[in-house]
Amino acid sequence: MTITGKRLFLTAALCLLLPVVPLAAEIVTDTDFGWSLDLPEGFKVDDHTDDGMSYLFSHDRMPVSLAVKLYETGTYKSAEEALSGAVAKLPSGTCEKSPFTWRNTDCALGTFSMTLGQKKYTGWAESVTLPVKGAQLILLCYADAQIEKDSEQFIMSVLNSLTIDRGSSFEPGIIVSYAFPPTEKQTVPLTINGRKIETQLDRDDIAAADFVVGCEYAVLSLYADNDKWQQAWQRYYRMIFRDSFGRLKKASFDINSALAGDAKKLNPHHPEEGMAQLLLTWTQGFAYEREKDNADFTPLPAVLTGEGSDCDSRSLLLCALLENMGTKTALFVSREYSHALFGADVESASDAENARMAAGSKNFLLGETTAHVNMGLIAQDMSNTSKWIPVELP
């Protein structure tokens with residue numbers, strides 16, 4: 001496999017260190033087999049096999065290791081068999097596992113243990129039959145058995161960050177999909193711009209999204225006094241966005257269908273800006289409430305249903321809805337201002353309402369969700385762009 005990352009580019013054919021491919025935070029991508037991991041900052045490669053099919057990672061803050069193993073097509077008949085085979089090769093390796101399907105793909109998930117020297121290690125393992133080439137990917141994330149429970153949310157975050165194709169970057173990850181399988185749909189009534197809109201969420205969408213928020217906040221908390229805190233913030237919001245994007249697909253479609261005419265009437269030349277303005281006005285009317293848990297972040301499906309929310313959850317909700325409608329967005333967060341804004345890649349309604357910030361190669365028109373102002377207007381005392389962190393979304 002060929003793996004690329006911010007500080008990593010290893011080729012199985014030559015085993016040479018090549019020029020770095022710039023990617024966000026610690027995203028590790030295998031260009032041969034089509035999978036990637038959006039790892040927490042601080043992982044590094046400790047070892048790899050000469051054939052490039054096995055890698056061992058360690059982390060600079062958490063006593064957690066990640067082993068990655070690829071088996072070529074035909075080595076095992078199923079993901080479950082591949083997981084059993086991989087664990088059986090470990091010293092005193094044992095595994096409890098369950099097969100399941102994620103994104104119409106054969107997978108297996110379980111816990112495992114092994115003994116190295118005199119020390120027992122435990123952790124979580126997942127196996128996926130990859131859409132590209134039909135190879136089987138094994139991920140083993142583990143720690144000393146005495147502290148593994150304290151590391152479990154970190155381990156869950158690592159394994160849940162796996163993507164196996166472009167589409168899985170916009171759907172809930174493998175761990176949360178296993179923990180919260182689809183259930184019945186529930187009707188969610190909305191009122192936007194005076195229009196009554198009925199949409200749907202899965203019964204467990206709020207609980208599942210809250211599970212992800214909890215795991216990712218546990219990871220984010222590790223970086224409060226670390227020089228990688230900005231990258232940690234970016235990953236935190238990226239992981240929440242990825243989880244909720246698919247959950248909000250139906251709502252985005254229903255809202256767009258109901259408001260498309262209103263958006264065009266509001267801005268005939270640039271209806272996508274009109275839609276952003278309608279949704280911004282809607283969220284500005286939400287009840288302001290700080291979450292009472294440590295994360296202080298309302299899960300996006302809960303924001304949609306009307307639960308109290310703050311600036312970052314509202315802004316990320318708008319990013320998810322508009323991205324589902326085809327408008328490129330970005331999130332902007334500031335530790336100095338204790339605030340968040342969303343940005344949309346749309347034309348401004350007027351030259352006087354044209355506050356923008358850059359993320360990647362685009363300049364995004366800004367939206368302020370906690371004050372009743374139009375798109376393109378933000379408070380003057382928050383206009384120092386150097387104090388904002390852009391969060392680029394997939």
# chains A, B, ... in the order shown; residues from 1 in each chain; ligands from 1
call {"tool": "residues_around", "arguments": {"residues": "range 69-74 of chain A", "least_positions_apart": "6", "cutoff": "8 Å", "atoms": "only C-alpha atoms", "output": "list in words"}}
result
Met53, Ser54, Tyr55, Ala82, Lys133, Gly134, Ala135, Gln136, Leu137, Ile138 and Leu139 of chain A
call {"tool": "write_last_selection", "arguments": {"atoms": "N, CA and C atoms", "output": "PDB file, in the first residue's frame"}}
result
ATOM      1  N   MET A  53       2.629  -3.639   3.746  1.00  0.00           N
ATOM      2  CA  MET A  53       1.281  -4.107   4.057  1.00  0.00           C
ATOM      3  C   MET A  53       0.973  -4.069   5.554  1.00  0.00           C
ATOM      4  N   SER A  54       1.922  -3.666   6.384  1.00  0.00           N
ATOM      5  CA  SER A  54       1.706  -3.590   7.835  1.00  0.00           C
ATOM      6  C   SER A  54       2.403  -2.347   8.378  1.00  0.00           C
ATOM      7  N   TYR A  55       1.711  -1.621   9.252  1.00  0.00           N
ATOM      8  CA  TYR A  55       2.274  -0.430   9.880  1.00  0.00           C
ATOM      9  C   TYR A  55       1.926  -0.435  11.363  1.00  0.00           C
ATOM     10  N   ALA A  82     -10.800 -12.684   8.474  1.00  0.00           N
ATOM     11  CA  ALA A  82      -9.546 -11.938   8.440  1.00  0.00           C
ATOM     12  C   ALA A  82      -9.175 -11.412   9.827  1.00  0.00           C
ATOM     13  N   LYS A 133     -10.183  -3.226  -4.884  1.00  0.00           N
ATOM     14  CA  LYS A 133      -9.380  -4.450  -4.981  1.00  0.00           C
ATOM     15  C   LYS A 133      -9.850  -5.584  -4.076  1.00  0.00           C
ATOM     16  N   GLY A 134     -10.873  -5.354  -3.234  1.00  0.00           N
ATOM     17  CA  GLY A 134     -11.390  -6.416  -2.384  1.00  0.00           C
ATOM     18  C   GLY A 134     -10.453  -6.871  -1.292  1.00  0.00           C
ATOM     19  N   ALA A 135      -9.441  -6.076  -1.007  1.00  0.00           N
ATOM     20  CA  ALA A 135      -8.511  -6.424   0.071  1.00  0.00           C
ATOM     21  C   ALA A 135      -9.198  -6.275   1.418  1.00  0.00           C
ATOM     22  N   GLN A 136      -8.613  -6.902   2.437  1.00  0.00           N
ATOM     23  CA  GLN A 136      -9.158  -6.780   3.786  1.00  0.00           C
ATOM     24  C   GLN A 136      -8.216  -5.963   4.655  1.00  0.00           C
ATOM     25  N   LEU A 137      -8.789  -4.930   5.280  1.00  0.00           N
ATOM     26  CA  LEU A 137      -8.042  -4.022   6.142  1.00  0.00           C
ATOM     27  C   LEU A 137      -8.347  -4.350   7.596  1.00  0.00           C
ATOM     28  N   ILE A 138      -7.317  -4.493   8.396  1.00  0.00           N
ATOM     29  CA  ILE A 138      -7.448  -4.754   9.825  1.00  0.00           C
ATOM     30  C   ILE A 138      -6.856  -3.582  10.597  1.00  0.00           C
ATOM     31  N   LEU A 139      -7.598  -3.068  11.566  1.00  0.00           N
ATOM     32  CA  LEU A 139      -7.096  -2.029  12.461  1.00  0.00           C
ATOM     33  C   LEU A 139      -7.190  -2.549  13.891  1.00  0.00           C
TER      34      LEU A 139
END
call {"tool": "select_by_dssp", "arguments": {"residues": "range 64-150 of chain A", "states": "strand (DSSP E)", "output": "PyMOL selection string"}}
result
chain A and resi 64-71+94-102+105-116+119-129+136-144
call {"tool": "write_last_selection", "arguments": {"atoms": "C-alpha atoms", "output": "PDB file, in the first residue's frame"}}
result
ATOM      1  CA  VAL A  64      -2.114   3.917  22.730  1.00  0.00           C
ATOM      2  CA  SER A  65      -0.805   2.017  19.715  1.00  0.00           C
ATOM      3  CA  LEU A  66      -2.435   1.442  16.335  1.00  0.00           C
ATOM      4  CA  ALA A  67      -1.557  -1.518  14.130  1.00  0.00           C
ATOM      5  CA  VAL A  68      -2.664  -1.509  10.486  1.00  0.00           C
ATOM      6  CA  LYS A  69      -2.599  -4.688   8.392  1.00  0.00           C
ATOM      7  CA  LEU A  70      -3.729  -5.347   4.827  1.00  0.00           C
ATOM      8  CA  TYR A  71      -4.453  -8.778   3.372  1.00  0.00           C
ATOM      9  CA  THR A  94      -7.825 -13.727  21.629  1.00  0.00           C
ATOM     10  CA  CYS A  95     -10.777 -11.881  20.132  1.00  0.00           C
ATOM     11  CA  GLU A  96     -14.520 -11.486  20.631  1.00  0.00           C
ATOM     12  CA  LYS A  97     -16.085 -10.186  17.449  1.00  0.00           C
ATOM     13  CA  SER A  98     -19.302  -9.634  15.528  1.00  0.00           C
ATOM     14  CA  PRO A  99     -19.809  -9.472  11.757  1.00  0.00           C
ATOM     15  CA  PHE A 100     -21.934  -6.666  10.372  1.00  0.00           C
ATOM     16  CA  THR A 101     -22.449  -4.555   7.266  1.00  0.00           C
ATOM     17  CA  TRP A 102     -21.353  -0.938   6.996  1.00  0.00           C
ATOM     18  CA  THR A 105     -19.517  -3.610   2.943  1.00  0.00           C
ATOM     19  CA  ASP A 106     -18.555  -6.787   4.818  1.00  0.00           C
ATOM     20  CA  CYS A 107     -17.091  -5.800   8.213  1.00  0.00           C
ATOM     21  CA  ALA A 108     -16.324  -7.175  11.655  1.00  0.00           C
ATOM     22  CA  LEU A 109     -15.798  -5.426  14.977  1.00  0.00           C
ATOM     23  CA  GLY A 110     -14.667  -6.671  18.357  1.00  0.00           C
ATOM     24  CA  THR A 111     -12.384  -6.508  21.360  1.00  0.00           C
ATOM     25  CA  PHE A 112      -9.079  -8.345  21.584  1.00  0.00           C
ATOM     26  CA  SER A 113      -6.193  -9.031  23.934  1.00  0.00           C
ATOM     27  CA  MET A 114      -2.576 -10.149  23.620  1.00  0.00           C
ATOM     28  CA  THR A 115       0.523 -10.512  25.778  1.00  0.00           C
ATOM     29  CA  LEU A 116       3.857  -8.902  24.944  1.00  0.00           C
ATOM     30  CA  LYS A 119       2.367  -7.351  29.946  1.00  0.00           C
ATOM     31  CA  LYS A 120      -1.218  -7.821  28.781  1.00  0.00           C
ATOM     32  CA  TYR A 121      -2.682  -5.428  26.225  1.00  0.00           C
ATOM     33  CA  THR A 122      -6.341  -5.013  25.333  1.00  0.00           C
ATOM     34  CA  GLY A 123      -8.183  -2.926  22.795  1.00  0.00           C
ATOM     35  CA  TRP A 124     -10.630  -2.783  19.913  1.00  0.00           C
ATOM     36  CA  ALA A 125     -10.286  -4.238  16.441  1.00  0.00           C
ATOM     37  CA  GLU A 126     -12.109  -3.715  13.178  1.00  0.00           C
ATOM     38  CA  SER A 127     -11.920  -5.435   9.824  1.00  0.00           C
ATOM     39  CA  VAL A 128     -13.300  -4.189   6.515  1.00  0.00           C
ATOM     40  CA  THR A 129     -13.390  -5.712   3.050  1.00  0.00           C
ATOM     41  CA  GLN A 136      -9.158  -6.780   3.786  1.00  0.00           C
ATOM     42  CA  LEU A 137      -8.042  -4.022   6.142  1.00  0.00           C
ATOM     43  CA  ILE A 138      -7.448  -4.754   9.825  1.00  0.00           C
ATOM     44  CA  LEU A 139      -7.096  -2.029  12.461  1.00  0.00           C
ATOM     45  CA  LEU A 140      -6.015  -2.903  16.012  1.00  0.00           C
ATOM     46  CA  CYS A 141      -5.975  -0.047  18.520  1.00  0.00           C
ATOM     47  CA  TYR A 142      -4.864  -0.960  22.027  1.00  0.00           C
ATOM     48  CA  ALA A 143      -3.243  -0.020  25.330  1.00  0.00           C
ATOM     49  CA  ASP A 144      -1.935  -1.617  28.515  1.00  0.00           C
TER      50      ASP A 144
END
call {"tool": "closest_atom_pairs", "arguments": {"of": "range 254-364 of chain A", "to": "range 382-387 of chain A", "cutoff": "8 Å", "atoms": "only C-alpha atoms", "output": "tab-separated table"}}
result
residue	atom	partner	partner_atom	distance
A:Ser334	CA	A:Lys387	CA	6.0
A:Arg335	CA	A:Lys387	CA	7.6
A:Glu336	CA	A:Lys387	CA	6.5
A:Tyr337	CA	A:Met382	CA	6.8
A:Met357	CA	A:Thr385	CA	6.9
call {"tool": "write_last_selection", "arguments": {"atoms": "all heavy atoms", "output": "PDB file, in the first residue's frame"}}
result
ATOM      1  N   SER A 334     -12.971  30.684  17.154  1.00  0.00           N
ATOM      2  CA  SER A 334     -11.973  31.559  17.770  1.00  0.00           C
ATOM      3  C   SER A 334     -11.909  31.303  19.263  1.00  0.00           C
ATOM      4  O   SER A 334     -12.925  31.390  19.961  1.00  0.00           O
ATOM      5  CB  SER A 334     -12.321  33.029  17.517  1.00  0.00           C
ATOM      6  OG  SER A 334     -11.460  33.879  18.260  1.00  0.00           O
ATOM      7  N   ARG A 335     -10.714  30.975  19.751  1.00  0.00           N
ATOM      8  CA  ARG A 335     -10.530  30.825  21.194  1.00  0.00           C
ATOM      9  C   ARG A 335     -10.525  32.189  21.866  1.00  0.00           C
ATOM     10  O   ARG A 335     -11.072  32.364  22.955  1.00  0.00           O
ATOM     11  CB  ARG A 335      -9.221  30.089  21.481  1.00  0.00           C
ATOM     12  CG  ARG A 335      -9.003  29.804  22.965  1.00  0.00           C
ATOM     13  CD  ARG A 335      -7.939  28.759  23.200  1.00  0.00           C
ATOM     14  NE  ARG A 335      -6.608  29.241  22.876  1.00  0.00           N
ATOM     15  CZ  ARG A 335      -5.485  28.557  23.138  1.00  0.00           C
ATOM     16  NH1 ARG A 335      -5.576  27.349  23.700  1.00  0.00           N
ATOM     17  NH2 ARG A 335      -4.305  29.042  22.817  1.00  0.00           N
ATOM     18  N   GLU A 336      -9.923  33.188  21.212  1.00  0.00           N
ATOM     19  CA  GLU A 336      -9.852  34.528  21.798  1.00  0.00           C
ATOM     20  C   GLU A 336     -11.240  35.147  21.936  1.00  0.00           C
ATOM     21  O   GLU A 336     -11.543  35.800  22.940  1.00  0.00           O
ATOM     22  CB  GLU A 336      -8.961  35.433  20.939  1.00  0.00           C
ATOM     23  CG  GLU A 336      -7.480  35.139  21.046  1.00  0.00           C
ATOM     24  CD  GLU A 336      -7.035  34.002  20.137  1.00  0.00           C
ATOM     25  OE1 GLU A 336      -7.915  33.390  19.463  1.00  0.00           O
ATOM     26  OE2 GLU A 336      -5.838  33.698  20.100  1.00  0.00           O
ATOM     27  N   TYR A 337     -12.083  34.973  20.929  1.00  0.00           N
ATOM     28  CA  TYR A 337     -13.421  35.563  20.955  1.00  0.00           C
ATOM     29  C   TYR A 337     -14.466  34.630  21.580  1.00  0.00           C
ATOM     30  O   TYR A 337     -15.622  35.048  21.765  1.00  0.00           O
ATOM     31  CB  TYR A 337     -13.871  35.912  19.540  1.00  0.00           C
ATOM     32  CG  TYR A 337     -13.014  36.950  18.842  1.00  0.00           C
ATOM     33  CD1 TYR A 337     -12.674  36.810  17.502  1.00  0.00           C
ATOM     34  CD2 TYR A 337     -12.554  38.079  19.514  1.00  0.00           C
ATOM     35  CE1 TYR A 337     -11.914  37.759  16.838  1.00  0.00           C
ATOM     36  CE2 TYR A 337     -11.780  39.029  18.871  1.00  0.00           C
ATOM     37  CZ  TYR A 337     -11.462  38.862  17.527  1.00  0.00           C
ATOM     38  OH  TYR A 337     -10.691  39.815  16.879  1.00  0.00           O
ATOM     39  N   MET A 357     -13.944  35.447   5.196  1.00  0.00           N
ATOM     40  CA  MET A 357     -12.693  34.881   5.663  1.00  0.00           C
ATOM     41  C   MET A 357     -12.307  33.722   4.757  1.00  0.00           C
ATOM     42  O   MET A 357     -13.165  33.066   4.165  1.00  0.00           O
ATOM     43  CB  MET A 357     -12.783  34.432   7.116  1.00  0.00           C
ATOM     44  CG  MET A 357     -12.447  35.526   8.112  1.00  0.00           C
ATOM     45  SD  MET A 357     -12.145  34.944   9.786  1.00  0.00           S
ATOM     46  CE  MET A 357     -13.831  34.647  10.328  1.00  0.00           C
TER      47      MET A 357
END
call {"tool": "closest_residue", "arguments": {"among": "A:Leu201, A:Val333, A:Ala344, A:Leu279", "to": "Leu300 in chain A", "atoms": "only C-alpha atoms"}}
result
A:Leu201
call {"tool": "residues_around", "arguments": {"residues": "range 167-172 of chain A", "least_positions_apart": "3", "cutoff": "12 Å", "atoms": "only C-alpha atoms", "output": "MDAnalysis selection string"}}
result
chainID A and resid 27 34:38 102:105 130:131 157 159:164 175:182 205 208:209 211:212 238:249 320 323:324 393:394
call {"tool": "closest_atom_pairs", "arguments": {"of": "range 278-359 of chain A", "to": "range 255-258 of chain A", "cutoff": "12 Å", "atoms": "only C-alpha atoms", "output": "Markdown table"}}
result
| residue | atom | partner | partner_atom | distance |
| --- | --- | --- | --- | --- |
| A:Leu278 | CA | A:Ile255 | CA | 10.5 |
| A:Leu279 | CA | A:Ile255 | CA | 9.3 |
| A:Trp282 | CA | A:Ile255 | CA | 11.6 |
| A:Leu304 | CA | A:Ile255 | CA | 11.3 |
| A:Leu318 | CA | A:Ile255 | CA | 11.8 |
| A:Leu321 | CA | A:Ile255 | CA | 8.7 |
| A:Leu322 | CA | A:Asn256 | CA | 9.0 |
| A:Glu323 | CA | A:Asn256 | CA | 11.4 |
| A:Asn324 | CA | A:Asn256 | CA | 9.4 |
| A:Met325 | CA | A:Asn256 | CA | 6.9 |
| A:Gly326 | CA | A:Asn256 | CA | 10.4 |
| A:Thr327 | CA | A:Asn256 | CA | 11.6 |
call {"tool": "atom_distance", "arguments": {"atom1": "CA of Ala379 in chain A", "atom2": "CA of Leu341 in chain A"}}
result
11.0 Å
call {"tool": "atom_distance", "arguments": {"atom1": "CA of Ala359 in chain A", "atom2": "CA of Ala330 in chain A"}}
result
6.9 Å
call {"tool": "closest_residue", "arguments": {"among": "A:Asp150, A:Glu26, A:Asp254, A:Asp225", "to": "Leu190 in chain A", "atoms": "only C-alpha atoms"}}
result
A:Asp254
call {"tool": "atom_distance", "arguments": {"atom1": "CA of Ser92 in chain A", "atom2": "CA of Phe43 in chain A"}}
result
26.1 Å
call {"tool": "closest_residue", "arguments": {"among": "A:Ala251, A:Leu377, A:Leu56, A:Ala79", "to": "Thr199 in chain A", "atoms": "only C-alpha atoms"}}
result
A:Ala251
call {"tool": "residues_around", "arguments": {"residues": "Met275 in chain A", "least_positions_apart": "6", "cutoff": "9 Å", "atoms": "only C-alpha atoms", "output": "VMD selection string"}}
result
chain A and resid 256 259 to 260 262 to 264 266 to 267 322
call {"tool": "select_by_dssp", "arguments": {"residues": "range 40-278 of chain A", "states": "alpha helix (DSSP H)", "output": "PyMOL selection string"}}
result
chain A and resi 79-88+152-160+174-179+205-220+229-247+249-266+271-278
call {"tool": "residues_around", "arguments": {"residues": "Ser221 in chain A", "least_positions_apart": "3", "cutoff": "12 Å", "atoms": "only C-alpha atoms", "output": "JSON, numbers by chain"}}
result
{"A": [40, 61, 62, 153, 154, 213, 214, 215, 216, 217, 218, 224, 225, 226, 228, 229, 230, 232, 233, 236, 294, 295]}
call {"tool": "write_last_selection", "arguments": {"atoms": "C-alpha atoms", "output": "compact mmCIF listing (two decimals), in the first residue's frame"}}
result
# COMPACT_ATOMS: atom_id res chain seq x y z
CA PRO A 40 -5.77 12.69 16.32
CA ARG A 61 0.37 11.94 24.40
CA MET A 62 -1.68 8.79 24.87
CA GLN A 153 -12.99 7.05 23.94
CA PHE A 154 -9.66 7.86 22.28
CA VAL A 213 -19.51 14.46 20.40
CA GLY A 214 -18.55 12.81 23.70
CA CYS A 215 -15.75 10.75 22.15
CA GLU A 216 -14.37 13.67 20.19
CA TYR A 217 -14.49 16.04 23.15
CA ALA A 218 -12.51 13.52 25.19
CA ALA A 224 -5.78 22.06 25.87
CA ASP A 225 -2.17 22.85 26.78
CA ASN A 226 -0.55 21.40 23.66
CA LYS A 228 -1.35 21.16 18.41
CA TRP A 229 -4.52 22.60 19.94
CA GLN A 230 -5.61 24.35 16.74
CA ALA A 232 -7.24 19.34 17.45
CA TRP A 233 -10.08 21.84 17.24
CA TYR A 236 -13.07 17.87 16.48
CA ASN A 294 -18.37 18.87 29.43
CA ALA A 295 -18.46 19.17 25.65
call {"tool": "decode", "arguments": {"residues": "range 138-185 of chain A", "atoms": "C-alpha atoms", "output": "compact mmCIF listing (two decimals), in the first residue's frame"}}
result
# COMPACT_ATOMS: atom_id res chain seq x y z
CA ILE A 138 -7.45 -4.75 9.83
CA LEU A 139 -7.10 -2.03 12.46
CA LEU A 140 -6.01 -2.90 16.01
CA CYS A 141 -5.98 -0.05 18.52
CA TYR A 142 -4.86 -0.96 22.03
CA ALA A 143 -3.24 -0.02 25.33
CA ASP A 144 -1.93 -1.62 28.52
CA ALA A 145 -4.87 -3.63 29.90
CA GLN A 146 -4.66 -1.75 33.21
CA ILE A 147 -5.42 1.61 31.54
CA GLU A 148 -7.28 0.59 28.37
CA LYS A 149 -10.70 1.54 29.78
CA ASP A 150 -9.41 5.07 30.42
CA SER A 151 -8.30 5.24 26.79
CA GLU A 152 -11.48 3.81 25.28
CA GLN A 153 -12.99 7.05 23.94
CA PHE A 154 -9.66 7.86 22.28
CA ILE A 155 -9.56 4.37 20.74
CA MET A 156 -13.18 4.72 19.55
CA SER A 157 -12.34 8.04 17.91
CA VAL A 158 -9.34 6.54 16.08
CA LEU A 159 -11.28 3.58 14.70
CA ASN A 160 -14.39 5.62 13.89
CA SER A 161 -12.30 7.95 11.71
CA LEU A 162 -11.86 5.29 9.02
CA THR A 163 -13.18 6.06 5.54
CA ILE A 164 -13.15 3.49 2.75
CA ASP A 165 -14.26 5.65 -0.18
CA ARG A 166 -15.21 9.26 -0.92
CA GLY A 167 -18.83 8.73 0.12
CA SER A 168 -17.92 7.49 3.60
CA SER A 169 -16.42 10.92 4.34
CA PHE A 170 -20.04 12.11 4.55
CA GLU A 171 -21.60 9.31 6.58
CA PRO A 172 -21.39 8.13 10.20
CA GLY A 173 -18.25 6.13 10.93
CA ILE A 174 -17.97 2.40 11.43
CA ILE A 175 -17.99 2.40 15.26
CA VAL A 176 -21.04 4.60 15.73
CA SER A 177 -22.83 2.78 12.90
CA TYR A 178 -22.34 -0.50 14.74
CA ALA A 179 -23.39 0.95 18.10
CA PHE A 180 -26.45 2.71 16.66
CA PRO A 181 -27.91 0.71 13.76
CA PRO A 182 -30.77 2.25 11.78
CA THR A 183 -34.18 2.24 13.46
CA GLU A 184 -37.56 3.68 12.56
CA LYS A 185 -37.90 7.24 11.26
